[in-house]
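Heads up, structure-v2.cif below (mmCIF, C-alpha atoms):
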data_final
loop_
_atom_site.label_atom_id
_atom_site.label_comp_id
_atom_site.auth_asym_id
_atom_site.auth_seq_id
_atom_site.Cartn_x
_atom_site.Cartn_y
_atom_site.Cartn_z
CA MET A 1 -279.57 -41.39 70.85
CA SER A 2 -280.76 -40.63 74.36
CA GLU A 3 -281.98 -37.21 75.38
CA GLU A 4 -278.90 -36.83 77.54
CA GLU A 5 -276.62 -37.62 74.63
CA LYS A 6 -278.47 -35.21 72.38
CA ILE A 7 -278.01 -32.32 74.85
CA ARG A 8 -274.36 -33.28 75.36
CA GLU A 9 -273.79 -33.32 71.60
CA ALA A 10 -275.48 -29.95 71.25
CA ILE A 11 -273.24 -28.42 73.91
CA LEU A 12 -270.13 -29.93 72.33
CA SER A 13 -271.20 -28.87 68.86
CA LYS A 14 -271.70 -25.29 70.06
CA GLY A 15 -268.28 -25.42 71.66
CA ARG A 16 -266.71 -26.73 68.45
CA ALA A 17 -268.48 -24.06 66.40
CA LYS A 18 -267.23 -21.37 68.75
CA ALA A 19 -263.71 -22.85 68.56
CA ALA A 20 -263.86 -22.90 64.76
CA GLU A 21 -264.98 -19.27 64.77
CA ILE A 22 -262.10 -18.33 67.09
CA ILE A 23 -259.63 -20.04 64.77
CA LYS A 24 -261.16 -18.45 61.71
CA ASP A 25 -260.96 -15.01 63.35
CA ALA A 26 -257.34 -15.67 64.23
CA GLU A 27 -256.62 -16.72 60.67
CA ARG A 28 -258.26 -13.55 59.39
CA ARG A 29 -256.18 -11.46 61.76
CA ALA A 30 -253.06 -13.39 60.75
CA GLU A 31 -253.79 -12.73 57.10
CA ALA A 32 -254.32 -9.06 57.91
CA ILE A 33 -250.97 -8.96 59.73
CA LEU A 34 -249.23 -10.56 56.74
CA GLU A 35 -251.01 -8.26 54.32
CA LYS A 36 -249.91 -5.24 56.39
CA ALA A 37 -246.32 -6.49 56.26
CA ARG A 38 -246.50 -6.95 52.49
CA ARG A 39 -248.00 -3.46 52.14
CA LYS A 40 -245.22 -2.06 54.30
CA VAL A 41 -242.62 -3.63 52.01
CA GLU A 42 -244.40 -2.30 48.94
CA GLU A 43 -244.62 1.19 50.45
CA TYR A 44 -240.93 0.99 51.33
CA ARG A 45 -240.15 -0.11 47.77
CA LYS A 46 -242.21 2.74 46.32
CA ALA A 47 -240.75 5.40 48.63
CA GLU A 48 -237.15 4.22 48.22
CA THR A 49 -237.47 3.85 44.45
CA GLU A 50 -238.89 7.37 44.22
CA LYS A 51 -236.05 8.69 46.40
CA LEU A 52 -233.45 6.85 44.32
CA MET A 53 -234.91 8.01 41.00
CA LYS A 54 -234.87 11.62 42.24
CA LYS A 55 -231.23 11.19 43.27
CA ILE A 56 -230.35 9.58 39.92
CA GLU A 57 -232.20 12.28 37.98
CA ALA A 58 -230.28 14.98 39.85
CA GLU A 59 -227.05 13.09 39.19
CA ARG A 60 -227.99 12.69 35.51
CA THR A 61 -228.79 16.39 35.13
CA ARG A 62 -225.52 17.37 36.84
CA LYS A 63 -223.33 14.95 34.89
CA ILE A 64 -224.97 15.54 31.50
CA SER A 65 -224.88 19.33 31.93
CA SER A 66 -221.23 19.09 32.89
CA ALA A 67 -220.48 16.87 29.86
CA ARG A 68 -222.36 19.22 27.52
CA PHE A 69 -220.51 22.22 28.97
CA GLU A 70 -217.20 20.39 28.60
CA SER A 71 -218.15 19.50 25.02
CA ARG A 72 -219.01 23.13 24.16
CA ILE A 73 -215.72 24.34 25.66
CA LYS A 74 -213.77 21.67 23.75
CA ILE A 75 -215.43 22.61 20.45
CA LEU A 76 -214.91 26.31 21.14
CA GLU A 77 -211.25 25.74 21.98
CA GLU A 78 -210.83 23.69 18.80
CA LYS A 79 -212.46 26.42 16.70
CA ASN A 80 -210.18 29.04 18.26
CA LYS A 81 -207.17 26.82 17.59
CA LEU A 82 -208.22 26.38 13.95
CA ILE A 83 -208.83 30.12 13.53
CA GLU A 84 -205.51 31.01 15.17
CA SER A 85 -203.65 28.40 13.13
CA LEU A 86 -205.19 29.61 9.88
CA PHE A 87 -204.44 33.22 10.77
CA GLU A 88 -200.81 32.31 11.48
CA GLU A 89 -200.56 30.38 8.24
CA THR A 90 -202.05 33.34 6.33
CA ARG A 91 -199.69 35.77 8.09
CA SER A 92 -196.77 33.58 7.10
CA TYR A 93 -198.01 33.33 3.52
CA ILE A 94 -198.50 37.11 3.25
CA LEU A 95 -195.08 37.91 4.74
CA SER A 96 -193.42 35.50 2.32
CA ASN A 97 -195.30 36.56 -0.78
CA ILE A 98 -196.49 40.16 -0.47
CA ARG A 99 -193.36 41.72 -1.94
CA SER A 100 -193.73 39.66 -5.10
CA SER A 101 -197.40 40.68 -5.50
CA GLU A 102 -198.11 42.97 -8.42
CA TRP A 103 -200.10 45.24 -6.09
CA TYR A 104 -197.31 45.64 -3.52
CA PRO A 105 -195.92 48.95 -4.88
CA ALA A 106 -199.39 50.50 -4.69
CA PHE A 107 -199.80 49.06 -1.21
CA LEU A 108 -196.44 50.44 -0.05
CA ARG A 109 -197.31 53.85 -1.50
CA ARG A 110 -200.66 53.81 0.27
CA ILE A 111 -199.31 52.84 3.71
CA THR A 112 -196.37 55.23 3.48
CA SER A 113 -198.56 58.16 2.44
CA ALA A 114 -201.14 57.31 5.10
CA SER A 115 -198.45 57.17 7.81
CA ILE A 116 -197.01 60.58 6.83
CA ILE A 117 -200.50 62.11 6.67
CA THR A 118 -201.34 60.64 10.09
CA LEU A 119 -198.26 62.35 11.60
CA GLY A 120 -198.99 65.63 9.72
CA LEU A 121 -195.51 67.00 10.54
CA ASP A 122 -193.17 69.24 8.50
CA GLU A 123 -190.35 66.74 8.79
CA VAL A 124 -190.70 62.99 8.86
CA VAL A 125 -188.39 59.98 8.64
CA VAL A 126 -189.52 56.88 6.76
CA HIS A 127 -187.84 53.74 8.11
CA ALA A 128 -187.80 50.75 5.77
CA SER A 129 -185.73 47.76 4.76
CA LYS A 130 -183.24 47.91 1.93
CA GLU A 131 -185.67 46.20 -0.47
CA ASP A 132 -188.54 48.53 0.34
CA LEU A 133 -186.31 51.61 0.21
CA LYS A 134 -185.47 50.79 -3.41
CA LEU A 135 -189.15 50.73 -4.23
CA LEU A 136 -189.88 53.85 -2.15
CA GLU A 137 -187.27 55.79 -4.09
CA LYS A 138 -189.12 54.85 -7.29
CA ILE A 139 -192.49 56.00 -5.95
CA ARG A 140 -191.19 58.94 -3.94
CA ASP A 141 -192.90 61.51 -6.17
CA ASP A 142 -196.22 59.69 -5.99
CA ILE A 143 -196.00 59.67 -2.20
CA ILE A 144 -195.19 63.41 -2.09
CA GLU A 145 -198.12 64.06 -4.37
CA ASP A 146 -200.52 62.08 -2.13
CA VAL A 147 -199.25 63.76 1.03
CA SER A 148 -199.19 67.32 -0.36
CA LYS A 149 -202.72 66.92 -1.67
CA SER A 150 -203.97 65.76 1.69
CA LEU A 151 -201.95 67.99 4.03
CA GLY A 152 -201.84 71.17 1.89
CA PHE A 153 -198.07 71.36 2.30
CA THR A 154 -195.09 69.26 1.36
CA PRO A 155 -193.20 67.89 4.35
CA SER A 156 -189.52 67.08 4.26
CA ILE A 157 -189.24 63.30 3.90
CA THR A 158 -186.07 61.40 4.78
CA PHE A 159 -185.72 57.72 4.02
CA LYS A 160 -183.77 55.64 6.47
CA LYS A 161 -182.65 52.04 6.12
CA VAL A 162 -183.40 49.60 8.92
CA ASN A 163 -181.41 46.43 9.27
CA ALA A 164 -184.30 44.24 10.37
CA PRO A 165 -186.01 42.29 7.58
CA THR A 166 -189.25 44.24 7.93
CA ILE A 167 -191.85 44.65 5.21
CA GLY A 168 -193.63 47.98 5.04
CA VAL A 169 -192.70 51.19 6.82
CA LYS A 170 -192.38 52.91 10.15
CA VAL A 171 -192.72 56.68 9.89
CA SER A 172 -191.50 58.83 12.74
CA SER A 173 -191.02 62.49 13.63
CA SER A 174 -187.43 63.69 13.05
CA ASP A 175 -186.54 63.19 16.72
CA GLY A 176 -188.19 59.74 16.78
CA SER A 177 -190.59 60.68 19.58
CA ILE A 178 -193.73 59.87 17.55
CA VAL A 179 -193.93 56.76 15.42
CA VAL A 180 -196.58 55.35 13.11
CA ASN A 181 -195.92 51.65 12.65
CA ASN A 182 -197.20 50.43 9.31
CA THR A 183 -195.04 47.40 8.80
CA VAL A 184 -197.03 44.52 7.35
CA GLU A 185 -196.56 42.64 10.65
CA ALA A 186 -198.08 45.55 12.55
CA ILE A 187 -200.90 45.96 10.05
CA LEU A 188 -201.75 42.27 10.28
CA GLU A 189 -201.70 42.49 14.07
CA LYS A 190 -203.98 45.55 14.01
CA LEU A 191 -206.35 43.80 11.63
CA LYS A 192 -206.22 40.50 13.48
CA PRO A 193 -209.66 40.91 15.15
CA LYS A 194 -211.23 41.69 11.77
CA PHE A 195 -209.46 38.78 10.08
CA THR A 196 -210.35 36.46 12.93
CA MET A 197 -214.01 37.33 12.50
CA LEU A 198 -213.73 36.78 8.79
CA ILE A 199 -212.09 33.39 9.30
CA ALA A 200 -214.73 32.36 11.85
CA LYS A 201 -217.53 33.43 9.54
CA THR A 202 -216.08 31.70 6.50
CA LEU A 203 -215.15 28.49 8.31
CA PHE A 204 -218.02 28.08 10.73
CA GLY A 205 -220.62 30.62 9.61
CA GLU A 206 -220.33 32.49 12.92
CA MET B 207 -285.67 -39.74 89.28
CA MET B 208 -283.57 -37.49 91.35
CA LEU B 209 -280.63 -39.64 90.69
CA SER B 210 -281.26 -39.55 86.93
CA GLU B 211 -281.45 -35.72 86.93
CA GLU B 212 -278.20 -35.53 88.81
CA LYS B 213 -276.71 -37.86 86.27
CA ILE B 214 -277.93 -35.69 83.44
CA LEU B 215 -276.63 -32.54 85.09
CA ALA B 216 -273.31 -34.20 85.69
CA ALA B 217 -273.19 -35.25 82.05
CA LEU B 218 -274.07 -31.75 80.93
CA GLU B 219 -271.46 -30.22 83.17
CA GLU B 220 -268.96 -32.65 81.74
CA ALA B 221 -270.01 -31.67 78.20
CA SER B 222 -269.76 -28.01 79.12
CA ARG B 223 -266.27 -28.51 80.50
CA GLU B 224 -265.27 -30.37 77.35
CA ALA B 225 -266.69 -27.57 75.18
CA GLU B 226 -264.81 -25.02 77.29
CA ARG B 227 -261.61 -27.05 76.83
CA THR B 228 -262.22 -27.09 73.08
CA ILE B 229 -262.74 -23.31 73.13
CA ALA B 230 -259.70 -22.77 75.36
CA GLU B 231 -257.70 -24.92 72.98
CA ALA B 232 -258.99 -22.81 70.09
CA TYR B 233 -257.90 -19.61 71.86
CA ARG B 234 -254.47 -21.12 72.43
CA LYS B 235 -254.27 -22.11 68.77
CA ALA B 236 -255.53 -18.67 67.72
CA LYS B 237 -252.84 -17.02 69.82
CA ASN B 238 -250.25 -19.24 68.19
CA ILE B 239 -251.60 -18.45 64.73
CA GLU B 240 -251.31 -14.71 65.43
CA LYS B 241 -247.90 -15.13 66.99
CA GLU B 242 -246.73 -17.09 63.95
CA ALA B 243 -248.23 -14.43 61.70
CA GLU B 244 -246.36 -11.69 63.57
CA LYS B 245 -243.14 -13.65 63.22
CA LYS B 246 -243.77 -14.27 59.53
CA ALA B 247 -244.66 -10.59 59.07
CA SER B 248 -241.33 -9.56 60.60
CA GLU B 249 -239.58 -11.93 58.21
CA ILE B 250 -241.56 -10.61 55.26
CA ILE B 251 -240.59 -7.04 56.19
CA GLU B 252 -236.94 -7.85 56.85
CA GLN B 253 -236.49 -10.02 53.75
CA GLY B 254 -238.65 -7.70 51.66
CA MET B 255 -236.62 -4.64 52.58
CA GLU B 256 -233.39 -6.49 51.96
CA GLN B 257 -234.72 -7.57 48.57
CA VAL B 258 -235.79 -3.98 47.81
CA ARG B 259 -232.34 -2.69 48.78
CA LYS B 260 -230.70 -5.22 46.43
CA GLU B 261 -233.10 -4.30 43.63
CA LEU B 262 -232.44 -0.61 44.15
CA GLU B 263 -228.69 -1.19 44.13
CA GLU B 264 -229.07 -2.93 40.77
CA LEU B 265 -231.37 -0.20 39.52
CA GLU B 266 -228.87 2.48 40.55
CA LYS B 267 -226.04 0.66 38.79
CA LYS B 268 -228.20 0.30 35.67
CA GLU B 269 -229.23 3.97 35.68
CA LEU B 270 -225.66 5.16 36.29
CA LYS B 271 -224.52 3.01 33.37
CA LYS B 272 -227.17 4.72 31.22
CA ILE B 273 -225.80 8.13 32.28
CA GLU B 274 -222.24 7.05 31.50
CA LYS B 275 -223.42 5.81 28.12
CA GLU B 276 -225.07 9.16 27.42
CA ILE B 277 -221.91 11.02 28.43
CA LYS B 278 -219.87 8.76 26.17
CA ARG B 279 -222.26 9.54 23.32
CA ILE B 280 -221.88 13.31 23.96
CA MET B 281 -218.10 12.97 23.94
CA GLU B 282 -218.14 10.88 20.77
CA GLU B 283 -220.36 13.49 19.11
CA THR B 284 -217.93 16.17 20.28
CA GLU B 285 -215.01 14.32 18.70
CA LYS B 286 -216.99 13.90 15.50
CA THR B 287 -217.87 17.61 15.47
CA ILE B 288 -214.21 18.50 15.97
CA LYS B 289 -213.21 16.15 13.16
CA ASP B 290 -215.81 17.79 10.89
CA LEU B 291 -214.57 21.26 11.88
CA LYS B 292 -211.00 20.31 11.00
CA LYS B 293 -212.15 18.91 7.66
CA LYS B 294 -214.16 22.06 6.94
CA ALA B 295 -211.22 24.27 7.93
CA SER B 296 -208.92 22.32 5.67
CA GLU B 297 -211.37 22.55 2.75
CA LYS B 298 -211.90 26.28 3.16
CA LYS B 299 -208.32 27.21 4.03
CA ASP B 300 -207.35 28.47 0.58
CA ALA B 301 -210.57 30.47 0.21
CA VAL B 302 -210.02 32.13 3.59
CA MET B 303 -206.39 32.99 2.83
CA LYS B 304 -207.45 34.44 -0.49
CA GLN B 305 -210.12 36.56 1.22
CA ILE B 306 -207.62 37.94 3.73
CA VAL B 307 -205.12 38.79 1.01
CA GLU B 308 -207.95 40.48 -0.90
CA MET B 309 -208.87 42.51 2.19
CA LEU B 310 -205.27 43.61 2.55
CA LYS B 311 -205.13 44.38 -1.15
CA SER B 312 -208.32 46.44 -0.87
CA MET B 313 -206.41 48.81 1.42
CA VAL B 314 -204.64 49.97 -1.72
CA GLY B 315 -207.96 51.48 -2.71
#
In structure tokens, what does this structure look like?
Amino acid sequence: MSEEEKIREAILSKGRAKAAEIIKDAERRAEAILEKARRKVEEYRKAETEKLMKKIEAERTRKISSARFESRIKILEEKNKLIESLFEETRSYILSNIRSSEWYPAFLRRITSASIITLGLDEVVVHASKEDLKLLEKIRDDIIEDVSKSLGFTPSITFKKVNAPTIGVKVSSSDGSIVVNNTVEAILEKLKPKFTMLIAKTLFGE
Amino acid sequence: MMLSEEKILAALEEASREAERTIAEAYRKAKNIEKEAEKKASEIIEQGMEQVRKELEELEKKELKKIEKEIKRIMEETEKTIKDLKKKASEKKDAVMKQIVEMLKSMVG
């Protein structure tokens, strides 16, 4: 190779090397551009996933809380229904069977005496059904004894028949202005909160 | 001699011009490479984001299904609890009625 050719080759070689370096640089920059794009996608994925998961978590909390609340209400309503139904069934059973209970005369004596004592008047009227009046006549003396002992005097007691099929008594002043209602229906109604609690405790331990 | 030097210089100038052309060509290629990379990067971003959106849509559907499943489980448990309550109430009914009658009876003293 001549000297001239050697110098020419050296110049061309330098040019080629420079060109290769330029291309390599460009390729590096291109790779960096692509890498930046991939990173951008990954960052977008991360940010959007985080945003979505937060949204879903909020949705989950809201929906699950609402479902749990709905569930508690449903269970509570069902318990109340069961308690109410059992109370009604018991009321029905008592109203149908109390008169035939061996303890009914004592019960009638107790509620009649208690009603008269509560009024504490000289004259009272005891309102009762035909069936109960029969029994009251039999235990009249016992009632007078209870009342006299408690009040310290013996009030005038009049028995009056009511046509309604009530069980138990209503005791009023002679003019009817004050009344103590001790029919079994009324007693059960008065005791309903206590019975309800008892039912709830026995059925559900509450 | 003079003529030979001129010849050499001319040859060197020619080589230099050729080298410059090679370098210029490299710059042109480099520009194209970067331009292509920019274009590809835009595609990567556009397609990538579209892909992410699709994935997130699927993820959302999947997660919402999970929530629905959990709600269904809560409701099924509720129904089971209610069924158990009814069974318990039925089993204890007589005992409760007896207790109430006893309470009423206890009023007799």
For chain A versus chain B, which residues have an atom no more than 7 Å away, and what is each residue's nearest atom pair and distance in Å rounded to one decimal, using only C-alpha atoms, chain-then-number order, as a tab-separated table?
residue	atom	partner	partner_atom	distance
A:Glu4	CA	B:Ile214	CA	6.1
A:Arg8	CA	B:Ala221	CA	5.4
A:Ile11	CA	B:Ala221	CA	6.3
A:Leu12	CA	B:Ala225	CA	5.1
A:Gly15	CA	B:Ala225	CA	4.4
A:Arg16	CA	B:Thr228	CA	6.5
A:Lys18	CA	B:Ile229	CA	6.6
A:Ala19	CA	B:Ile229	CA	4.7
A:Ile22	CA	B:Ala232	CA	6.2
A:Ile23	CA	B:Ala236	CA	5.2
A:Ala26	CA	B:Ala236	CA	4.9
A:Glu27	CA	B:Ile239	CA	6.7
A:Arg29	CA	B:Glu240	CA	6.9
A:Ala30	CA	B:Ala243	CA	5.0
A:Ile33	CA	B:Ala243	CA	6.4
A:Leu34	CA	B:Ala247	CA	5.1
A:Ala37	CA	B:Ala247	CA	5.2
A:Arg38	CA	B:Ile250	CA	6.7
A:Val41	CA	B:Gly254	CA	5.7
A:Arg45	CA	B:Val258	CA	5.8
A:Thr49	CA	B:Leu262	CA	6.7
A:Arg60	CA	B:Ile273	CA	6.0
A:Ile64	CA	B:Ile277	CA	6.3
A:Ala67	CA	B:Ile277	CA	6.2
A:Arg68	CA	B:Ile280	CA	6.9
A:Ser71	CA	B:Thr284	CA	5.8
A:Ile75	CA	B:Ile288	CA	6.2
A:Glu78	CA	B:Ile288	CA	6.8
A:Thr90	CA	B:Met303	CA	5.6
A:Ala106	CA	B:Val314	CA	6.1
A:Phe107	CA	B:Val314	CA	5.0
A:Arg110	CA	B:Val314	CA	5.9
A:Phe195	CA	B:Ile306	CA	6.7
A:Ile199	CA	B:Val302	CA	6.2
A:Thr202	CA	B:Val302	CA	6.7
A:Leu203	CA	B:Ala295	CA	5.8
message: I'd like the neighbourhood of region 160-172 of chain A as a PyMOL selection string, where a residue qualifies if any of its atoms comes within 9 Å (using all atoms listed in the file), though same-chain residues fewer than 4 positions away should be ignored.
response: chain A and resi 95+98-99+107-108+111-112+115-116+119+123-133+176-185
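In this model, the gap between CA of Glu308 (chain B) and CA of Ala200 (chain A) comes to 16.6 Å.
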Once you add 4 Å to each side, what are the centre and edge lengths of the axis-aligned box holding all listed atoms of region 190-198 of chain A? One decimal in Å, as AutoDock Vina command-line options, if you can.
--center_x -209.0 --center_y 41.0 --center_z 12.0 --size_x 18.0 --size_y 17.1 --size_z 14.4
field: Two-atom distance - CA of Leu151 (chain A), CA of Ser174 (chain A) (Å)
entry: 17.6 Å
